[in-house]
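Written out below as C-alpha cells is the structure these notes cover.
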Amino acid sequence: MNTKYEEKDKQLFFEITEEIDHHTTEKIRRKMDNEIQRYMPKRIIFDFNKVTFMDSAGIGMLIGRYKMMKMLGGTSEIINVKPSIKKIFEMCGLLKIIPIRNNAKNIS
C-alpha cells in the first residue's frame, strides 16, 4: 500500500495495491491507523485502482477507518473503483456512508 499526504488540503491518500481479504486486512489496517494518527488529516481517500478482489473483512476495515475519521471530525471517500468492487459496495450499503468520487486523482 502506498500513502501520500497533501498538507495544503489535509488529505491522506491510501493507494491499496493488493487484494483485500481476511489475510491482508490486519496489515492494511495497522498501516492506515498509523498514518491517520501521524497526519491527523481532514479527509482520507481510498484509491481502489489496483484492487481486484475484496471480501467482507475489507468492508469491515473500511467501516472502521470511516468511524475513526468521523470521531476525528474528518471525512472519507473512495476513488477509482472497478465495477465488480463497486457492486460489492452497493450490495452491502457501504456507499451510504462512504461516497465514491468520480474525478479521481492517482497517487504519484
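Chain labels follow the order of the C-alpha cells: the first chain is A, the next B, and so on; residue numbering restarts at 1 in every chain, and ligands are counted from 1 in their shown order.
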(request) Based on DSSP run over this structure's backbone, return all residues of segment 28-68 of chain A in strand (DSSP E), as a VMD selection string. (result) chain A and resid 43 to 47
Generate a file of the selected residues that holds C-alpha atoms, formatted as a PDB file, in the first residue's frame.
ATOM      1  CA  ARG A  43     -10.090  13.690   4.687  1.00  0.00           C
ATOM      2  CA  ILE A  44      -8.907  10.222   3.795  1.00  0.00           C
ATOM      3  CA  ILE A  45      -9.213   8.949   0.257  1.00  0.00           C
ATOM      4  CA  PHE A  46      -9.074   5.247  -0.526  1.00  0.00           C
ATOM      5  CA  ASP A  47      -7.725   4.648  -4.043  1.00  0.00           C
TER       6      ASP A  47
END
(message) I need the residues of chain A that end up classed as alpha helix (DSSP H) by DSSP on the backbone, written out as a ChimeraX atom specification.
(response) /A:25-39,56-71,83-92
Report as a PDB file with C-alpha atoms, in the first residue's frame all protein, DNA and RNA residues lying within 12 Å of Ile78 of chain A, evaluated on only C-alpha atoms, omitting residues in the same chain fewer than 6 positions from it.
ATOM      1  CA  LEU A  12      -4.374  11.485   3.148  1.00  0.00           C
ATOM      2  CA  PHE A  13      -4.458   9.134   0.154  1.00  0.00           C
ATOM      3  CA  PHE A  14      -4.269   5.365   0.574  1.00  0.00           C
ATOM      4  CA  GLU A  15      -3.485   3.561  -2.678  1.00  0.00           C
ATOM      5  CA  ILE A  16      -4.266  -0.069  -1.940  1.00  0.00           C
ATOM      6  CA  ARG A  43     -10.090  13.690   4.687  1.00  0.00           C
ATOM      7  CA  ILE A  44      -8.907  10.222   3.795  1.00  0.00           C
ATOM      8  CA  ILE A  45      -9.213   8.949   0.257  1.00  0.00           C
ATOM      9  CA  PHE A  46      -9.074   5.247  -0.526  1.00  0.00           C
ATOM     10  CA  ASP A  47      -7.725   4.648  -4.043  1.00  0.00           C
ATOM     11  CA  PHE A  48      -9.029   1.297  -5.311  1.00  0.00           C
ATOM     12  CA  ASN A  49      -7.414   1.465  -8.762  1.00  0.00           C
ATOM     13  CA  VAL A  51      -7.857  -3.656  -6.103  1.00  0.00           C
ATOM     14  CA  LEU A  62     -13.195   0.474   5.589  1.00  0.00           C
ATOM     15  CA  ILE A  63     -16.059   0.989   8.039  1.00  0.00           C
ATOM     16  CA  ARG A  65     -11.468   3.755   9.241  1.00  0.00           C
ATOM     17  CA  TYR A  66     -14.665   5.698   8.414  1.00  0.00           C
ATOM     18  CA  ILE A  85     -15.864  -3.864  -6.354  1.00  0.00           C
ATOM     19  CA  LYS A  86     -18.488  -1.122  -6.712  1.00  0.00           C
ATOM     20  CA  PHE A  89     -20.067  -1.693  -2.039  1.00  0.00           C
ATOM     21  CA  LEU A  94     -21.175   0.970   2.170  1.00  0.00           C
ATOM     22  CA  LEU A  95     -21.879   3.753  -0.339  1.00  0.00           C
ATOM     23  CA  ILE A  97     -21.714   6.216   4.393  1.00  0.00           C
ATOM     24  CA  ILE A  98     -18.565   6.471   2.229  1.00  0.00           C
ATOM     25  CA  PRO A  99     -19.084   8.157  -1.165  1.00  0.00           C
ATOM     26  CA  ILE A 100     -17.296   7.346  -4.391  1.00  0.00           C
ATOM     27  CA  ARG A 101     -15.764  10.395  -6.045  1.00  0.00           C
ATOM     28  CA  ASN A 102     -15.737  10.240  -9.826  1.00  0.00           C
ATOM     29  CA  ASN A 103     -12.976  12.627 -10.778  1.00  0.00           C
ATOM     30  CA  ALA A 104     -10.143  10.579  -9.325  1.00  0.00           C
ATOM     31  CA  LYS A 105      -6.606  11.676  -8.633  1.00  0.00           C
ATOM     32  CA  ASN A 106      -3.995   8.918  -8.608  1.00  0.00           C
TER      33      ASN A 106
END
(request) Extract, using only C-alpha atoms, all DNA, RNA and protein residues at most 9 Å from Thr24 of chain A, discarding same-chain residues fewer than 6 positions from it, and format them as a PyMOL selection string. (result) chain A and resi 18+57-58
(message) Under the rule that only C-alpha atoms are counted, which of A:Lys31, A:Glu77, A:Ile36, A:Ser84 is the nearest residue to Lys96 of chain A?
(response) A:Glu77
(request) Give the answer as one residue: which of A:Lys4, A:His23, A:Lys67, A:Lys87 has the shortest atom-to-atom distance to Glu35 of chain A, using only C-alpha atoms? (result)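 Residue with the minimum atom-to-atom distance to Glu35 of chain A: A:Lys4.
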(request) Within 10 Å of Gln37 of chain A, counting only C-alpha atoms, which residues show up once you throw out same-chain ones fewer than 5 positions away? Write them as a ChimeraX atom specification, please. (result) /A:32,68,72
Would you put the residues from that selection into a file with N, CA, C and O atoms, as a compact mmCIF listing (two decimals), in the first residue's frame?
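The resulting out.txt:
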# COMPACT_ATOMS: atom_id res chain seq x y z
N MET A 32 -2.85 1.99 7.92
CA MET A 32 -3.77 3.12 7.82
C MET A 32 -3.90 3.84 9.16
O MET A 32 -3.84 5.07 9.22
N MET A 68 -13.31 6.00 12.56
CA MET A 68 -12.18 6.72 13.15
C MET A 68 -12.15 8.16 12.65
O MET A 68 -11.99 9.10 13.43
N LEU A 72 -12.73 11.90 14.57
CA LEU A 72 -11.74 12.97 14.48
C LEU A 72 -12.29 14.20 13.75
O LEU A 72 -11.57 15.18 13.56
